[in-house]
Every structure is written in structure tokens, then in C-alpha cells.
$ cat protein.cif   # mmCIF, C-alpha atoms
data_start
#
loop_
_atom_site.label_atom_id
_atom_site.label_comp_id
_atom_site.auth_asym_id
_atom_site.auth_seq_id
_atom_site.Cartn_x
_atom_site.Cartn_y
_atom_site.Cartn_z
CA MET A 1 -0.54 13.32 -24.62
CA GLU A 2 -2.07 11.48 -27.57
CA LYS A 3 0.56 8.71 -27.36
CA ARG A 4 -0.02 8.39 -23.63
CA ILE A 5 -3.78 8.03 -24.22
CA LEU A 6 -3.16 5.24 -26.74
CA LEU A 7 -0.92 3.51 -24.22
CA GLU A 8 -3.49 3.77 -21.43
CA LYS A 9 -6.28 2.46 -23.63
CA ARG A 10 -4.49 -0.91 -24.11
CA GLY A 11 -6.45 -1.65 -27.25
CA ARG A 12 -9.86 -1.02 -25.66
CA PRO A 13 -12.48 1.11 -27.44
CA ASP A 14 -13.03 4.63 -26.15
CA ASP A 15 -16.58 4.05 -24.97
CA GLU A 16 -15.48 1.25 -22.57
CA ILE A 17 -12.86 3.20 -20.61
CA THR A 18 -14.04 4.47 -17.22
CA GLU A 19 -10.71 5.71 -15.80
CA LEU A 20 -7.84 7.48 -17.53
CA ILE A 21 -4.61 8.47 -15.74
CA LEU A 22 -2.44 10.88 -17.77
CA ASP A 23 -0.23 12.33 -15.02
CA ASN A 24 3.14 13.83 -15.97
CA CYS A 25 2.66 13.33 -19.70
CA ARG A 26 3.82 16.95 -20.36
CA SER A 27 1.62 18.91 -22.72
CA THR A 28 0.47 22.53 -22.73
CA TYR A 29 -2.96 21.80 -24.24
CA ILE A 30 -5.53 19.02 -24.53
CA ASP A 31 -4.64 16.67 -27.38
CA GLY A 32 -6.08 13.28 -28.28
CA LEU A 33 -8.91 13.40 -25.75
CA THR A 34 -12.28 13.49 -27.55
CA ASP A 35 -16.01 13.23 -26.89
CA SER A 36 -15.87 9.52 -27.74
CA PHE A 37 -14.95 8.66 -24.12
CA THR A 38 -18.59 8.52 -23.15
CA ALA A 39 -18.10 6.11 -20.22
CA LEU A 40 -15.19 8.00 -18.63
CA GLU A 41 -15.81 8.74 -14.92
CA THR A 42 -12.31 9.59 -13.61
CA LEU A 43 -9.72 11.69 -15.43
CA SER A 44 -6.35 12.67 -13.95
CA LEU A 45 -4.09 15.29 -15.56
CA ILE A 46 -1.73 16.08 -12.68
CA ASN A 47 1.52 17.93 -13.45
CA VAL A 48 1.01 17.91 -17.20
CA GLY A 49 1.88 21.56 -17.83
CA LEU A 50 -1.51 22.70 -19.11
CA VAL A 51 -1.94 26.45 -19.53
CA SER A 52 -5.53 26.28 -20.73
CA LEU A 53 -8.51 23.92 -20.89
CA LYS A 54 -9.20 24.72 -24.52
CA ASN A 55 -10.35 21.66 -26.53
CA PHE A 56 -11.49 19.93 -23.33
CA PRO A 57 -14.11 17.37 -24.52
CA LYS A 58 -17.69 16.98 -23.39
CA LEU A 59 -17.64 14.03 -21.03
CA SER A 60 -21.21 13.37 -19.97
CA ASN A 61 -20.36 10.79 -17.28
CA LEU A 62 -17.24 12.42 -15.84
CA ARG A 63 -17.43 12.64 -12.04
CA LYS A 64 -13.86 13.23 -10.83
CA LEU A 65 -11.31 15.51 -12.51
CA GLU A 66 -7.74 16.04 -11.25
CA LEU A 67 -6.00 19.16 -12.67
CA SER A 68 -3.56 20.00 -9.87
CA ASP A 69 -0.01 21.32 -10.39
CA ASN A 70 -0.58 22.88 -13.81
CA ARG A 71 -0.50 26.50 -15.07
CA ILE A 72 -4.20 27.03 -15.66
CA SER A 73 -5.41 30.59 -15.13
CA ASN A 74 -8.77 30.71 -16.93
CA SER A 75 -10.95 28.87 -19.50
CA LEU A 76 -12.88 26.98 -16.80
CA ASN A 77 -16.00 27.39 -18.94
CA HIS A 78 -14.88 24.35 -20.96
CA LEU A 79 -15.78 22.17 -17.97
CA THR A 80 -19.51 22.86 -18.27
CA GLY A 81 -19.77 20.05 -20.79
CA SER A 82 -19.41 17.58 -17.86
CA PRO A 83 -22.63 18.18 -15.87
CA LYS A 84 -22.13 15.16 -13.55
CA LEU A 85 -18.79 16.42 -12.22
CA THR A 86 -18.69 16.12 -8.40
CA HIS A 87 -14.96 16.36 -7.58
CA LEU A 88 -12.68 19.02 -9.09
CA ASN A 89 -9.08 19.59 -8.01
CA LEU A 90 -7.44 22.79 -9.26
CA SER A 91 -4.79 23.16 -6.55
CA GLY A 92 -1.38 24.45 -7.53
CA ASN A 93 -2.52 26.51 -10.55
CA ARG A 94 -2.50 30.25 -11.42
CA ILE A 95 -6.08 31.31 -10.76
CA LYS A 96 -5.90 34.85 -9.42
CA ASP A 97 -9.33 36.49 -9.71
CA PHE A 98 -12.65 35.42 -8.35
CA GLU A 99 -14.24 36.14 -11.75
CA GLU A 100 -12.31 33.25 -13.27
CA LEU A 101 -14.30 30.88 -11.05
CA GLN A 102 -17.70 32.11 -12.22
CA PRO A 103 -18.19 29.27 -14.79
CA LEU A 104 -18.18 26.76 -11.93
CA LYS A 105 -21.63 27.89 -10.82
CA ASP A 106 -23.08 25.95 -13.77
CA LEU A 107 -21.80 22.68 -12.33
CA GLU A 108 -24.90 21.84 -10.32
CA ASN A 109 -23.52 18.56 -8.94
CA LEU A 110 -20.12 19.84 -7.81
CA GLU A 111 -19.55 18.80 -4.19
CA VAL A 112 -15.78 18.92 -3.65
CA LEU A 113 -13.53 21.72 -4.92
CA ASP A 114 -9.83 22.22 -4.16
CA LEU A 115 -8.18 25.58 -4.96
CA PHE A 116 -5.30 25.31 -2.53
CA ASN A 117 -2.10 27.17 -3.51
CA ASN A 118 -3.88 29.58 -5.86
CA GLN A 119 -3.74 33.35 -5.43
CA VAL A 120 -7.51 33.55 -5.43
CA THR A 121 -7.54 32.02 -1.94
CA LEU A 122 -6.01 35.25 -0.60
CA ILE A 123 -9.11 37.27 -1.46
CA GLU A 124 -11.09 38.44 1.56
CA ASN A 125 -14.14 36.28 2.37
CA TYR A 126 -13.06 33.91 -0.36
CA ARG A 127 -14.70 30.85 1.23
CA GLU A 128 -18.03 32.53 1.93
CA LYS A 129 -18.26 33.87 -1.61
CA LEU A 130 -17.46 30.52 -3.16
CA PHE A 131 -19.99 28.64 -1.04
CA GLN A 132 -22.58 31.20 -2.15
CA LEU A 133 -21.50 30.87 -5.78
CA ILE A 134 -21.83 27.06 -5.82
CA PRO A 135 -24.79 26.00 -3.64
CA SER A 136 -24.11 22.28 -4.11
CA LEU A 137 -20.55 22.62 -2.75
CA ASN A 138 -19.90 20.67 0.45
CA TYR A 139 -16.12 20.83 0.85
CA LEU A 140 -13.73 23.59 -0.21
CA ASP A 141 -9.97 23.04 0.12
CA GLY A 142 -10.58 19.98 2.28
CA PHE A 143 -13.04 21.53 4.76
CA ASP A 144 -16.76 22.21 4.88
CA LYS A 145 -18.46 25.45 5.88
CA GLU A 146 -17.87 24.70 9.57
CA TYR A 147 -14.19 23.86 8.94
CA VAL A 148 -14.77 20.17 9.48
CA GLU A 149 -12.21 18.15 7.55
CA ALA A 150 -13.44 16.12 4.61
CA PRO A 151 -13.00 12.33 4.72
CA SER A 152 -10.09 11.05 2.66
CA ASP A 153 -10.43 8.51 -0.12
CA GLU A 154 -8.78 5.86 2.08
CA GLU A 155 -11.34 6.42 4.83
CA ASP A 156 -14.17 6.15 2.34
CA MET A 157 -12.78 2.87 1.06
CA ALA A 158 -12.36 1.62 4.61
CA ASP A 159 -15.94 2.54 5.45
CA ASP A 160 -17.17 0.69 2.38
CA GLY A 161 -15.13 -2.33 3.38
CA ASN A 162 -16.55 -2.27 6.90
CA GLU A 163 -20.07 -2.12 5.54
CA GLN A 164 -19.44 -5.06 3.25
CA GLN A 165 -17.61 -7.24 5.75
CA GLN A 166 -18.49 -7.27 9.43
CA PRO A 167 -15.95 -8.61 11.94
CA SER A 168 -16.55 -12.19 13.00
CA GLN A 169 -14.72 -11.91 16.35
CA PHE A 170 -14.47 -9.57 19.29
CA SER A 171 -12.58 -9.57 22.56
CA ILE A 172 -13.83 -9.19 26.14
CA ASN A 173 -11.18 -8.93 28.87
CA GLY A 174 -8.65 -10.63 26.61
CA ILE A 175 -11.04 -13.47 25.71
CA GLU A 176 -11.65 -13.92 21.99
CA ILE A 177 -15.28 -14.66 21.15
CA ASP A 178 -16.31 -15.92 17.74
CA LEU A 179 -19.64 -14.52 16.59
CA ASP A 180 -20.38 -17.57 14.48
CA GLU A 181 -19.91 -19.88 17.44
CA LEU A 182 -22.03 -17.55 19.58
CA GLU A 183 -24.87 -17.70 17.08
CA GLN A 184 -24.70 -21.48 17.02
CA PHE A 185 -24.77 -21.56 20.81
CA GLU A 186 -27.81 -19.27 20.90
CA ALA A 187 -29.54 -21.55 18.41
CA ARG A 188 -28.92 -24.49 20.74
CA ILE A 189 -30.33 -22.47 23.62
CA ARG A 190 -33.50 -21.72 21.67
CA GLN A 191 -33.91 -25.37 20.79
CA LYS A 192 -33.47 -26.36 24.41
CA ARG A 193 -36.07 -23.83 25.54
CA SER A 194 -38.53 -25.02 22.91
CA ARG A 195 -38.12 -28.60 24.16
CA ASP A 196 -38.55 -27.60 27.81
CA ALA A 197 -41.66 -25.45 27.20
CA PRO A 198 -44.18 -28.30 26.60
CA GLU A 199 -42.98 -30.06 29.73
CA THR A 200 -43.45 -27.04 31.99
CA ASN A 201 -46.78 -25.84 30.49
CA PRO A 202 -49.55 -28.45 30.90
CA ALA A 203 -52.45 -28.47 28.45
CA ALA A 204 -55.28 -26.15 29.41
CA GLY A 205 -57.98 -28.07 27.53
CA MET A 206 -58.89 -30.46 30.35
CA GLY A 207 -62.71 -30.87 30.25
CA GLY A 208 -64.82 -30.55 33.36
CA SER A 209 -66.97 -28.20 35.36
CA SER A 210 -66.49 -24.51 35.77
CA ASN A 211 -64.57 -25.16 38.95
CA SER A 212 -62.25 -27.45 37.13
CA GLY A 213 -61.99 -24.82 34.36
CA GLN A 214 -61.17 -22.16 36.92
CA ALA A 215 -58.69 -24.54 38.48
CA GLY A 216 -57.25 -25.18 35.04
CA HIS A 217 -56.95 -21.45 34.38
CA SER A 218 -55.36 -20.93 37.76
CA ALA A 219 -52.99 -23.80 37.06
CA VAL A 220 -52.11 -22.34 33.70
CA GLY A 221 -51.64 -18.94 35.34
CA ASP A 222 -49.36 -20.49 37.92
CA THR A 223 -47.33 -22.32 35.33
CA ASN A 224 -47.14 -19.21 33.14
CA SER A 225 -46.04 -17.12 36.07
CA GLY A 226 -43.43 -19.72 36.87
CA ALA A 227 -42.24 -20.04 33.28
CA PRO A 228 -40.14 -16.84 33.20
CA SER A 229 -38.18 -17.84 36.26
CA SER A 230 -37.44 -21.28 34.82
CA SER A 231 -36.47 -19.78 31.45
CA GLY A 232 -34.39 -17.20 33.28
CA ASP A 233 -32.63 -19.96 35.19
CA CYS A 234 -32.12 -21.84 31.93
CA ALA A 235 -30.72 -18.74 30.25
CA LYS A 236 -28.47 -18.08 33.19
CA ASP A 237 -27.22 -21.64 33.13
CA ASP A 238 -26.61 -21.46 29.39
CA LEU A 239 -24.66 -18.23 29.74
CA ASP A 240 -22.61 -19.79 32.49
CA LEU A 241 -21.90 -22.72 30.21
CA LEU A 242 -20.88 -20.35 27.44
CA TYR A 243 -18.53 -18.47 29.74
CA GLU A 244 -17.04 -21.72 31.02
CA GLU A 245 -16.56 -22.94 27.46
CA ILE A 246 -14.80 -19.72 26.51
CA GLN A 247 -12.61 -19.91 29.59
CA HIS A 248 -11.76 -23.53 28.80
CA LYS A 249 -10.77 -22.61 25.26
CA ARG A 250 -8.63 -19.78 26.55
CA ALA A 251 -6.92 -22.05 29.08
CA GLN A 252 -6.33 -24.67 26.39
CA GLU A 253 -4.74 -22.04 24.15
CA LEU A 254 -2.44 -20.97 26.97
CA VAL A 255 -1.45 -24.58 27.63
CA ASN A 256 -0.72 -25.14 23.96
CA GLU A 257 1.33 -21.97 23.82
CA ASP A 258 3.35 -23.04 26.89
CA GLU A 259 3.93 -26.43 25.30
CA ARG A 260 5.18 -24.82 22.11
CA ASN A 261 7.52 -22.59 24.12
CA ARG A 262 8.89 -25.59 26.01
CA LYS A 263 9.51 -27.50 22.80
CA GLN A 264 11.29 -24.52 21.29
CA MET A 265 13.43 -24.14 24.42
CA ALA A 266 14.29 -27.85 24.41
CA SER A 267 15.30 -27.74 20.76
CA LEU A 268 17.42 -24.66 21.45
CA VAL A 269 19.15 -26.36 24.37
CA SER A 270 19.84 -29.46 22.27
CA VAL A 271 21.35 -27.33 19.53
CA LEU A 272 23.56 -25.56 22.08
CA LEU A 273 24.70 -28.90 23.51
CA MET A 274 25.55 -30.21 20.06
CA PHE A 275 27.49 -27.07 19.30
CA THR A 276 29.36 -27.30 22.61
CA SER A 277 30.23 -30.95 22.00
CA LEU A 278 31.47 -30.18 18.52
CA LEU A 279 33.56 -27.32 19.84
CA ALA A 280 35.07 -29.55 22.54
CA PHE A 281 35.86 -32.24 19.96
CA VAL A 282 37.60 -29.76 17.68
CA ASN A 283 39.50 -28.32 20.63
CA GLN A 284 40.62 -31.79 21.70
CA ILE A 285 41.88 -32.62 18.22
CA CYS A 286 43.81 -29.36 17.99
CA PHE A 287 45.24 -29.75 21.52
CA ARG A 288 46.31 -33.35 20.80
CA GLY A 289 48.12 -32.25 17.66
CA GLU A 290 49.92 -29.48 19.52
CA GLN A 291 50.82 -31.89 22.33
CA LEU A 292 52.30 -34.43 19.90
CA ALA A 293 54.29 -31.72 18.14
CA LEU A 294 55.61 -30.46 21.51
CA GLN A 295 56.54 -34.00 22.56
CA ASP A 296 58.42 -34.62 19.31
CA SER A 297 60.32 -31.38 19.68
CA MET A 298 61.21 -32.25 23.31
CA GLU A 299 62.44 -35.72 22.30
CA HIS A 300 64.53 -34.22 19.53
CA CYS A 301 66.04 -31.72 21.94
CA GLY A 302 66.74 -34.54 24.43
CA ASP A 303 68.57 -36.59 21.79
CA GLU A 304 70.72 -33.60 20.90
CA VAL A 305 71.55 -33.03 24.59
CA VAL A 306 72.51 -36.70 25.05
CA GLU A 307 74.75 -36.60 22.00
CA GLU A 308 76.45 -33.48 23.28
CA ASP A 309 76.99 -35.12 26.70
CA VAL A 310 78.54 -38.20 25.08
CA GLU A 311 80.83 -36.05 23.00
CA ASP A 312 81.85 -34.06 26.08
CA GLU A 313 82.56 -37.26 28.03
CA SER A 314 84.65 -38.65 25.19
CA ASP A 315 86.59 -35.43 24.99
CA GLU A 316 87.18 -35.43 28.74
CA GLY A 317 88.34 -39.10 28.64
CA SER A 318 90.90 -38.41 25.95
CA LEU A 319 92.13 -35.39 27.85
CA GLY A 320 92.54 -37.44 31.05
CA GLU A 321 94.65 -40.03 29.28
CA ASP A 322 96.87 -37.32 27.97
CA ASN A 323 97.36 -35.93 31.47
CA ASP A 324 98.17 -39.34 32.97
CA ASN A 325 100.98 -40.08 30.52
CA VAL A 326 103.45 -37.20 30.50
CA ASP A 327 106.88 -37.40 28.91
CA VAL A 328 109.72 -36.05 31.04
CA GLY A 329 112.22 -34.04 29.09
CA GLY A 330 113.34 -35.58 25.90
CA SER A 331 114.64 -38.82 27.46
CA GLY A 332 111.38 -40.65 26.86
CA ALA A 333 110.47 -40.77 30.56
CA ARG A 334 106.71 -41.00 31.36
CA VAL A 335 105.19 -39.94 34.62
CA GLU A 336 102.18 -41.92 35.86
CA THR A 337 100.01 -40.83 38.65
CA MET A 338 99.45 -43.71 41.02
CA PRO A 339 97.42 -43.79 44.10
CA ARG A 340 99.40 -44.16 47.30
CA ILE A 341 98.45 -46.84 49.66
CA ALA A 342 97.46 -45.46 52.93
CA ASP A 343 99.34 -46.13 56.00
CA SER A 344 97.99 -48.38 58.60
CA GLY A 345 97.27 -45.38 60.62
CA ASN A 346 94.88 -44.07 58.01
CA GLY A 347 92.38 -46.72 58.56
CA GLY A 348 93.02 -48.54 55.36
CA HIS A 349 91.68 -45.66 53.20
CA PRO A 350 93.68 -44.63 50.21
CA SER A 351 95.90 -41.67 50.72
CA PRO A 352 95.96 -38.77 48.36
CA PRO A 353 97.60 -39.69 45.18
CA SER A 354 101.33 -39.24 44.88
CA ASP A 355 103.38 -38.90 41.79
CA ARG A 356 105.89 -41.53 40.94
CA ALA A 357 108.16 -41.21 38.00
CA ARG A 358 108.85 -44.23 36.02
CA ILE A 359 111.55 -44.07 33.46
CA ASP A 360 111.21 -46.47 30.65
#

$ encode --input "protein.cif" --output "C-alpha cells"
Amino acid sequence: MEKRILLEKRGRPDDEITELILDNCRSTYIDGLTDSFTALETLSLINVGLVSLKNFPKLSNLRKLELSDNRISNSLNHLTGSPKLTHLNLSGNRIKDFEELQPLKDLENLEVLDLFNNQVTLIENYREKLFQLIPSLNYLDGFDKEYVEAPSDEEDMADDGNEQQQPSQFSINGIEIDLDELEQFEARIRQKRSRDAPETNPAAGMGGSSNSGQAGHSAVGDTNSGAPSSSGDCAKDDLDLLYEEIQHKRAQELVNEDERNRKQMASLVSVLLMFTSLLAFVNQICFRGEQLALQDSMEHCGDEVVEEDVEDESDEGSLGEDNDNVDVGGSGARVETMPRIADSGNGGHPSPPSDRARID
């Protein structure tokens, strides 16, 4: 614990430290924490492993003390040296008897006490007895006497923030109204009314007789009676102008939003067109390459077929010559096949070929 305290101090003197967080530093007793921390207001010793509060220092300005998830069962009398203590958390400890809580009655400023997950909470009428023991206590285990839940630290901070900073805008029927602009508009309305007032109210100090004075008073009364209606009309007109101005701003925002959406859609369409064109170009290049390769292969196949046909024709020609010239026996006779001239009765067409043997 002492090393952790030195680390948390960061070279600052003891009397300048207002908050000290020593959670999970693992120690069974208080060590290194002295009375020299005179400015300390918040001290946290959660899950340290403390079994006793012996050697707990006198901290005159301490207001919040966190001792949850330890093994403390007694020695709460050592806390009386911190008379300004308002928040004390002892949840998750080993406090069993109500007598162990008796020293807390000397803490006259204690407002919040948490004893959740201690065996003492199982005692009958535990809450009533504790509220009687500590008159200043407002919340016990997160609830007051009427079982109303205590506000959390986050809610307190939020409330403080709301008090410090008021919202500058509000919405009516989906129309955003800026309070600053509204104040400026009201100031213009007041200026306009102040300018119109001298024109509508004539001066009452017009000298003359009593009749003229009475007439003047009656005139002033008439103008005064008529003033509220004119101011009411002016106010009504000004409010109408304000509403129209707000509506115009809203319509302008909608137009701008539609324009942005159209531009985004146009850019998206252009990107899609570019992508489609690129894809078509790549497809055309690939298809042209495949077509050229197919054409080359077809031409190559055609050349091979032509060569085979030529070879077949040459083979057939040589075979025909061999068939036309046939040797007869071994005498060297050769038989030639000659076409036979048709008879006159055949119409001049050649007759079927006849064989004529010529012996050389």
C-alpha cells in the first residue's frame, strides 16, 4: 500500500492531495497513510483485503470513503477521526452484529451508508434501528426511509451540468427554434413598440380651458384605451413574422437536404456508369483475344485439312495410273482402258468404256 500511495502522489506533497484511489493494492492493514493528508476529501480502498481499520489516520476533511469488498468485521471506531464524513461504503464486508455499527453514531454528518452484502442486514428491523442510530442518515443501502432510490453519481453530475449550461435550442412540431435568435427577435419587437408608442400617444400637455383639458384627458383616455389593441396587433404581427421566418428556415433546410441527396445520387450514378464502362472495355478486350485465338486455331485446322486433301488426291492419282496400265501375263502386254465411241444411235454420247488390249 505504501508504494501505491507514493505512485498516486506523483511527487505532490501530502497536504495538496484531495483524492486518493488505492483500489486492489492488496494489504491487510493500513500502511503509509498518515494524518499529513489534511486536504484529502475522497479515499477509495476497494478490494484491498483489509481485515481491520487499525492505524486509520485522522483525516479532518475526508467526505467520501469507499471500503467495499474487504474483510472488515469491526474497528469502525477508527473512523471517528473524520468528522466531515458524509458517504461511507462498507458493502461486501463481514459485519455481523448491530453492536459493531455503534461507533457510526458519532459521525454527525453521515448521510449515505451502504452495508449491502453484510450479515448485519439480516437482523430484524435493521433499517429502522440504523436510521434511529444515525439521525443524519438519509440513504441506507441505496434507499431512503420511504424506499425511494438515491440518485447516482452520474445523475448528480448531469444535474450539475444542466444547471451550469442551459440548452440553447428547443423543438416545436419538428421545428428547431434557437433561443438566442428568439431573444434577438424579442429585442427588435420591443424596439419597434417603443418607436410606435410616441406616434400613437399624443402629448397631453396642450394648454387651454378646462373644456380643452377635459377633451385632452378624454383624448388621452381614448388613445390609451386604443393602445393595447394596437400593441396586441403589433405583437400578433411580430409573432406571425417569427413563425413565417422559422417556417422559411425549415423549408430552406429541406431544400438543401434534397439538393445534397440529389448530388449524392448523381455522383453514385456516375460512378456506376464508369464502372460499367470499364467492365465492358475489359470484357471486349478479353473477348477479342479469345476470338483471335479461335480464328488462328480454325485457320491452322483448315490448313491441315487442305494438306490432307492434297495428299489424298495425289495418292488417288497415282493409284489410277497404276490401274490404267496393267501388264498382261509376262509377255509385256499392257491393257489400256479407252472410251468407246458411241454409236450413231446413241445420240453422239460416249458409250460406256470398253477394254481394248494393246500388245506392245

$ resolve_selection --input "protein.cif" --expression "the PyMOL selection byres ((chain A and resi 51) around 10)" --output "list in words"
Ser27, Thr28, Tyr29, Ile30, Val48, Gly49, Leu50, Ser52, Leu53, Lys54, Asn70, Arg71, Ile72, Ser73, Asn74, Ser75, Asn93 and Arg94 of chain A

$ resolve_selection --input "protein.cif" --expression "the PyMOL selection byres ((chain A and resi 40) around 10)" --output "NGL selection string"
:A and (14-20 or 35-39 or 41-43 or 59-64)

$ resolve_selection --input "protein.cif" --expression "the PyMOL selection byres ((chain A and resi 25) around 6)" --output "number ranges by chain"
A: 1, 22-24, 26, 48

$ residues_around --input "protein.cif" --residues "Glu8 in chain A" --least-positions-apart "3" --cutoff "9 Å" --atoms "only C-alpha atoms" --output "CSV table (one decimal) with C-alpha atoms, in the frame of the given file"
chain,number,residue,atom,x,y,z
A,3,LYS,CA,0.6,8.7,-27.4
A,4,ARG,CA,0.0,8.4,-23.6
A,5,ILE,CA,-3.8,8.0,-24.2
A,11,GLY,CA,-6.4,-1.6,-27.2
A,20,LEU,CA,-7.8,7.5,-17.5
A,21,ILE,CA,-4.6,8.5,-15.7
A,22,LEU,CA,-2.4,10.9,-17.8

$ atom_distance --input "protein.cif" --atom1 "CA of Asn118 in chain A" --atom2 "CA of Ser68 in chain A"
10.4 Å

$ atom_distance --input "protein.cif" --atom1 "CA of Leu140 in chain A" --atom2 "CA of Glu100 in chain A"
16.3 Å

$ atom_distance --input "protein.cif" --atom1 "CA of Thr80 in chain A" --atom2 "CA of Gln102 in chain A"
11.2 Å

$ residues_around --input "protein.cif" --residues "Leu88 in chain A" --least-positions-apart "2" --cutoff "12 Å" --atoms "only C-alpha atoms" --output "compact mmCIF listing (two decimals) with C-alpha atoms, in the frame of the given file"
# COMPACT_ATOMS: atom_id res chain seq x y z
CA THR A 42 -12.31 9.59 -13.61
CA LEU A 43 -9.72 11.69 -15.43
CA SER A 44 -6.35 12.67 -13.95
CA LEU A 45 -4.09 15.29 -15.56
CA ILE A 46 -1.73 16.08 -12.68
CA LEU A 62 -17.24 12.42 -15.84
CA ARG A 63 -17.43 12.64 -12.04
CA LYS A 64 -13.86 13.23 -10.83
CA LEU A 65 -11.31 15.51 -12.51
CA GLU A 66 -7.74 16.04 -11.25
CA LEU A 67 -6.00 19.16 -12.67
CA SER A 68 -3.56 20.00 -9.87
CA LEU A 76 -12.88 26.98 -16.80
CA LEU A 79 -15.78 22.17 -17.97
CA SER A 82 -19.41 17.58 -17.86
CA LYS A 84 -22.13 15.16 -13.55
CA LEU A 85 -18.79 16.42 -12.22
CA THR A 86 -18.69 16.12 -8.40
CA LEU A 90 -7.44 22.79 -9.26
CA SER A 91 -4.79 23.16 -6.55
CA LEU A 104 -18.18 26.76 -11.93
CA LEU A 107 -21.80 22.68 -12.33
CA ASN A 109 -23.52 18.56 -8.94
CA LEU A 110 -20.12 19.84 -7.81
CA GLU A 111 -19.55 18.80 -4.19
CA VAL A 112 -15.78 18.92 -3.65
CA LEU A 113 -13.53 21.72 -4.92
CA ASP A 114 -9.83 22.22 -4.16
CA LEU A 115 -8.18 25.58 -4.96
CA PHE A 116 -5.30 25.31 -2.53
CA LEU A 137 -20.55 22.62 -2.75
CA TYR A 139 -16.12 20.83 0.85
CA LEU A 140 -13.73 23.59 -0.21
CA ASP A 141 -9.97 23.04 0.12
CA GLY A 142 -10.58 19.98 2.28

$ build_atoms --input "protein.cif" --residues "range 35-53 of chain A" --atoms "N, CA and C atoms" --output "PDB file, keeping the file's coordinate frame"
ATOM      1  N   ASP A  35     -14.687  13.510 -27.453  1.00  0.00           N
ATOM      2  CA  ASP A  35     -16.010  13.230 -26.890  1.00  0.00           C
ATOM      3  C   ASP A  35     -16.381  11.763 -26.949  1.00  0.00           C
ATOM      4  N   SER A  36     -15.539  10.943 -27.593  1.00  0.00           N
ATOM      5  CA  SER A  36     -15.870   9.520 -27.740  1.00  0.00           C
ATOM      6  C   SER A  36     -15.719   8.746 -26.431  1.00  0.00           C
ATOM      7  N   PHE A  37     -15.102   9.337 -25.417  1.00  0.00           N
ATOM      8  CA  PHE A  37     -14.950   8.660 -24.120  1.00  0.00           C
ATOM      9  C   PHE A  37     -16.225   8.867 -23.301  1.00  0.00           C
ATOM     10  N   THR A  38     -17.282   8.282 -23.755  1.00  0.00           N
ATOM     11  CA  THR A  38     -18.590   8.520 -23.150  1.00  0.00           C
ATOM     12  C   THR A  38     -18.760   7.873 -21.777  1.00  0.00           C
ATOM     13  N   ALA A  39     -17.980   6.808 -21.504  1.00  0.00           N
ATOM     14  CA  ALA A  39     -18.100   6.110 -20.220  1.00  0.00           C
ATOM     15  C   ALA A  39     -17.084   6.583 -19.188  1.00  0.00           C
ATOM     16  N   LEU A  40     -16.260   7.548 -19.525  1.00  0.00           N
ATOM     17  CA  LEU A  40     -15.190   8.000 -18.630  1.00  0.00           C
ATOM     18  C   LEU A  40     -15.770   8.671 -17.397  1.00  0.00           C
ATOM     19  N   GLU A  41     -15.340   8.187 -16.201  1.00  0.00           N
ATOM     20  CA  GLU A  41     -15.810   8.740 -14.920  1.00  0.00           C
ATOM     21  C   GLU A  41     -14.695   9.428 -14.146  1.00  0.00           C
ATOM     22  N   THR A  42     -13.447   9.000 -14.338  1.00  0.00           N
ATOM     23  CA  THR A  42     -12.310   9.590 -13.610  1.00  0.00           C
ATOM     24  C   THR A  42     -11.227   9.943 -14.606  1.00  0.00           C
ATOM     25  N   LEU A  43     -10.770  11.204 -14.543  1.00  0.00           N
ATOM     26  CA  LEU A  43      -9.720  11.690 -15.430  1.00  0.00           C
ATOM     27  C   LEU A  43      -8.700  12.438 -14.581  1.00  0.00           C
ATOM     28  N   SER A  44      -7.425  12.056 -14.723  1.00  0.00           N
ATOM     29  CA  SER A  44      -6.350  12.670 -13.950  1.00  0.00           C
ATOM     30  C   SER A  44      -5.316  13.255 -14.894  1.00  0.00           C
ATOM     31  N   LEU A  45      -5.070  14.558 -14.738  1.00  0.00           N
ATOM     32  CA  LEU A  45      -4.090  15.290 -15.560  1.00  0.00           C
ATOM     33  C   LEU A  45      -3.168  16.080 -14.636  1.00  0.00           C
ATOM     34  N   ILE A  46      -2.573  15.426 -13.670  1.00  0.00           N
ATOM     35  CA  ILE A  46      -1.730  16.080 -12.680  1.00  0.00           C
ATOM     36  C   ILE A  46      -0.337  16.334 -13.260  1.00  0.00           C
ATOM     37  N   ASN A  47       0.161  17.558 -13.051  1.00  0.00           N
ATOM     38  CA  ASN A  47       1.520  17.930 -13.450  1.00  0.00           C
ATOM     39  C   ASN A  47       1.785  17.650 -14.932  1.00  0.00           C
ATOM     40  N   VAL A  48       0.859  18.083 -15.747  1.00  0.00           N
ATOM     41  CA  VAL A  48       1.010  17.910 -17.200  1.00  0.00           C
ATOM     42  C   VAL A  48       1.640  19.146 -17.830  1.00  0.00           C
ATOM     43  N   GLY A  49       1.382  20.316 -17.263  1.00  0.00           N
ATOM     44  CA  GLY A  49       1.880  21.560 -17.830  1.00  0.00           C
ATOM     45  C   GLY A  49       0.832  22.331 -18.610  1.00  0.00           C
ATOM     46  N   LEU A  50      -0.433  22.042 -18.382  1.00  0.00           N
ATOM     47  CA  LEU A  50      -1.510  22.700 -19.110  1.00  0.00           C
ATOM     48  C   LEU A  50      -1.571  24.189 -18.746  1.00  0.00           C
ATOM     49  N   VAL A  51      -1.744  25.011 -19.751  1.00  0.00           N
ATOM     50  CA  VAL A  51      -1.940  26.450 -19.530  1.00  0.00           C
ATOM     51  C   VAL A  51      -3.376  26.860 -19.798  1.00  0.00           C
ATOM     52  N   SER A  52      -4.143  25.969 -20.405  1.00  0.00           N
ATOM     53  CA  SER A  52      -5.530  26.280 -20.730  1.00  0.00           C
ATOM     54  C   SER A  52      -6.307  24.972 -20.877  1.00  0.00           C
ATOM     55  N   LEU A  53      -7.625  25.073 -20.711  1.00  0.00           N
ATOM     56  CA  LEU A  53      -8.510  23.920 -20.890  1.00  0.00           C
ATOM     57  C   LEU A  53      -9.201  23.951 -22.244  1.00  0.00           C
TER      58      LEU A  53
END
